[in-house]
Structure formats: structure tokens, C-alpha cells
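A short worksheet on the structure shown next.
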Amino acid sequence: MIASMRTLTLRNMQQPSYLDTLLYSLAMQLGILPADAYPVRECEKLPPPLRAIVEMTTDVGQSWGCWTDERHHWLFIAKLPLTRGKPVLHLNLYNEAGDLRETSNWYCDDKDQWQRVTVP
């Protein structure tokens with residue numbers, strides 16, 4: 001019984017969360033990452049300004065994903081606020097200096113394509 005629980009806990013820790021999966025999907029669809037960019041998966045390998053943002057993000061249950069091409073970093077922070085109807089993903093994009101470059105909201109349509117939420 002205990003071994004089974006440990007296996008289940010380890011499996012849950014290794015699998016990306018639903019929010020992580022949504023964030024990755026949207027980051028890939030946005031088309032802003034260069035072809036040679038690759039993900040940075042360890043917080044310790046981030047520049048100090050981004051590391052501080054990631055540490056705050058994980059403390060409040062948000063998701064993060066960072067990509068680099070050795071010259072630049074793109075840090076995406078995502079949260080999924082409670083909404084009625086279709087889930088809306090709130091996305092912040094930071095540069096390597098930790099500057100907020102963009103904030104946007106997205107939803108996934110019936111064809112599994114991300115659509116930006118526009119405010120009239």
C-alpha cells in the first residue's frame with residue numbers, strides 16, 4: 001500500500017501539470033521563439049532576475065516556462081483564473097532582465113487553436 005502511494009506521488013511529480021501543458025502549447029503556437037531556442041527547466045540556470053520571478057511564481061501556484069537561445073531568454077508565467085465558460089489563460093512574458101514585456105489572455109477554441117482575448 002505505501003509503496004503504491006509512493007509510486008503514485010512520484011509519478012504525479014514527474015508529470016507536467018495541466019497548466020504547464022497549456023503554457024507549453026501556447027508558447028509554441030505564439031511563434032516568437034527562434035528555431036534554436038530550447039527550454040530551461042532548472043531555476044538555478046536562469047539569470048538572477050528571472051530566478052526571482054520564478055521563485056515568486058511557484059510560491060503562488062502559477063506555472064512558468066523559459067526558453068533561451070544563449071543570447072536571450074523568454075520567460076512565460078501563466079495562471080488559470082477561475083472563469084465561467086471556457087478557461088482563459090493569463091500569460092505574462094518577461095525578458096532576460098526581468099522586464100515585463102507583454103501581458104495577454106488566451107483561450108483555446110474548438111479546433112484546439114489559441115485565440116487572444118480582445119477587450120472591446
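Letters for chains follow the order of the C-alpha cells (A, B, ...), residue numbers begin at 1 for each chain, and ligand numbers begin at 1 in the order shown.
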**Request:** Write down as a PyMOL selection string the residues of chain A whose backbone DSSP state falls under strand (DSSP E or B).
**Result:** chain A and resi 38-40+63-68+73-79+89-94+100-108+114-116
**Request:** Mind listing the alpha helix (DSSP H) residues of stretch 53-106 of chain A, per DSSP on the backbone, as JSON, numbers by chain?
**Result:** {"A": [53, 54, 55, 56, 57, 58, 59]}
Go ahead and write the selection's residues with all heavy atoms as a tab-separated table (two decimals), in the first residue's frame.
```
chain	number	residue	atom	x	y	z
A	53	ILE	N	11.72	35.95	-10.21
A	53	ILE	CA	10.32	35.91	-10.67
A	53	ILE	C	9.77	34.49	-10.58
A	53	ILE	O	8.65	34.28	-10.12
A	53	ILE	CB	10.22	36.44	-12.12
A	53	ILE	CG1	10.58	37.93	-12.16
A	53	ILE	CG2	8.83	36.20	-12.70
A	53	ILE	CD1	10.79	38.48	-13.55
A	54	VAL	N	10.56	33.52	-10.99
A	54	VAL	CA	10.12	32.12	-10.95
A	54	VAL	C	9.86	31.67	-9.52
A	54	VAL	O	8.88	30.98	-9.24
A	54	VAL	CB	11.14	31.21	-11.65
A	54	VAL	CG1	10.90	29.74	-11.34
A	54	VAL	CG2	11.10	31.45	-13.16
A	55	GLU	N	10.72	32.06	-8.60
A	55	GLU	CA	10.54	31.67	-7.20
A	55	GLU	C	9.23	32.24	-6.64
A	55	GLU	O	8.50	31.55	-5.94
A	55	GLU	CB	11.73	32.10	-6.36
A	55	GLU	CG	12.96	31.25	-6.66
A	55	GLU	CD	14.24	31.79	-6.05
A	55	GLU	OE1	14.23	32.88	-5.42
A	55	GLU	OE2	15.28	31.11	-6.21
A	56	MET	N	8.91	33.49	-6.98
A	56	MET	CA	7.64	34.07	-6.54
A	56	MET	C	6.46	33.35	-7.21
A	56	MET	O	5.43	33.11	-6.59
A	56	MET	CB	7.59	35.57	-6.87
A	56	MET	CG	8.45	36.41	-5.98
A	56	MET	SD	8.23	38.19	-6.25
A	56	MET	CE	8.75	38.40	-7.94
A	57	THR	N	6.63	33.01	-8.47
A	57	THR	CA	5.57	32.36	-9.24
A	57	THR	C	5.20	31.01	-8.64
A	57	THR	O	4.03	30.71	-8.47
A	57	THR	CB	6.05	32.18	-10.70
A	57	THR	OG1	6.23	33.45	-11.27
A	57	THR	CG2	5.06	31.40	-11.52
A	58	THR	N	6.20	30.20	-8.35
A	58	THR	CA	5.91	28.87	-7.82
A	58	THR	C	5.31	28.94	-6.43
A	58	THR	O	4.52	28.08	-6.06
A	58	THR	CB	7.17	27.98	-7.83
A	58	THR	OG1	8.22	28.65	-7.15
A	58	THR	CG2	7.61	27.68	-9.25
A	59	ASP	N	5.65	29.99	-5.67
A	59	ASP	CA	5.08	30.14	-4.33
A	59	ASP	C	3.58	30.37	-4.37
A	59	ASP	O	2.88	30.05	-3.41
A	59	ASP	CB	5.74	31.30	-3.58
A	59	ASP	CG	7.15	30.96	-3.10
A	59	ASP	OD1	7.51	29.76	-3.12
A	59	ASP	OD2	7.89	31.90	-2.74
```
**Request:** Do a neighbour search on A:Leu30 at 12 Å with only C-alpha atoms, toss out local chain neighbours closer than 6 positions, and write the hits as a ChimeraX atom specification.
**Result:** /A:23-24,76,91,93,104,106,113-116
How about saving the chosen residues, C-alpha atoms kept, as a PDB file, in the first residue's frame?
```
ATOM      1  CA  LEU A  23       1.609  27.094 -21.180  1.00  0.00           C
ATOM      2  CA  TYR A  24       3.908  24.989 -23.364  1.00  0.00           C
ATOM      3  CA  PHE A  76       6.428  32.915 -19.670  1.00  0.00           C
ATOM      4  CA  LEU A  91       0.085  34.996 -19.730  1.00  0.00           C
ATOM      5  CA  LEU A  93       6.154  37.443 -20.915  1.00  0.00           C
ATOM      6  CA  SER A 104      -2.280  38.833 -22.518  1.00  0.00           C
ATOM      7  CA  TRP A 106      -5.896  33.451 -24.268  1.00  0.00           C
ATOM      8  CA  GLN A 113      -6.042  26.728 -31.546  1.00  0.00           C
ATOM      9  CA  TRP A 114      -5.168  29.503 -29.124  1.00  0.00           C
ATOM     10  CA  GLN A 115      -7.067  32.748 -29.605  1.00  0.00           C
ATOM     11  CA  ARG A 116      -6.171  36.022 -27.943  1.00  0.00           C
TER      12      ARG A 116
END
```
**Request:** Quick one: pull the distance between atom CA of A:Pro49 and atom CA of A:Asn92, Å, one decimal.
**Result:** 14.8 Å
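Using only C-alpha atoms, the nearest neighbour of A:Leu33 within the list A:Trp64, A:Tyr94, A:Tyr107, A:Trp74 is A:Trp74.
Relative to atom CA of A:Lys86, atom CA of A:Val60 is found at 22.6 Å.
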**Prompt:** What's the 8 Å shell around A:His90, counting only C-alpha atoms, without same-chain residues fewer than 6 positions away, as a list in words?
**Reply:** Ala78, Lys79, Leu80, Pro81, Thr103, Ser104, Asn105 and Trp106 of chain A
Could you please take those selected residues and save C-alpha atoms as an mmCIF file, in the first residue's frame?
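Generated file (part.cif):
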```cif
data_model
loop_
_atom_site.group_PDB
_atom_site.id
_atom_site.type_symbol
_atom_site.label_atom_id
_atom_site.label_comp_id
_atom_site.auth_asym_id
_atom_site.auth_seq_id
_atom_site.Cartn_x
_atom_site.Cartn_y
_atom_site.Cartn_z
ATOM 1 C CA ALA A 78 0.833 31.547 -16.669
ATOM 2 C CA LYS A 79 -2.144 31.358 -14.395
ATOM 3 C CA LEU A 80 -5.589 29.993 -14.977
ATOM 4 C CA PRO A 81 -8.048 32.202 -13.093
ATOM 5 C CA THR A 103 0.505 40.616 -20.698
ATOM 6 C CA SER A 104 -2.280 38.833 -22.518
ATOM 7 C CA ASN A 105 -5.240 36.494 -22.085
ATOM 8 C CA TRP A 106 -5.896 33.451 -24.268
#
```
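Atom CA of A:Leu22 sits 18.7 Å away from atom CA of A:Ala37.
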**Request:** Name the residues in contact with A:Asp36 at a cut-off of 12 Å, using only C-alpha atoms, excluding same-chain residues fewer than 4 positions from it; report them as a ChimeraX atom specification.
**Result:** /A:32,67-73
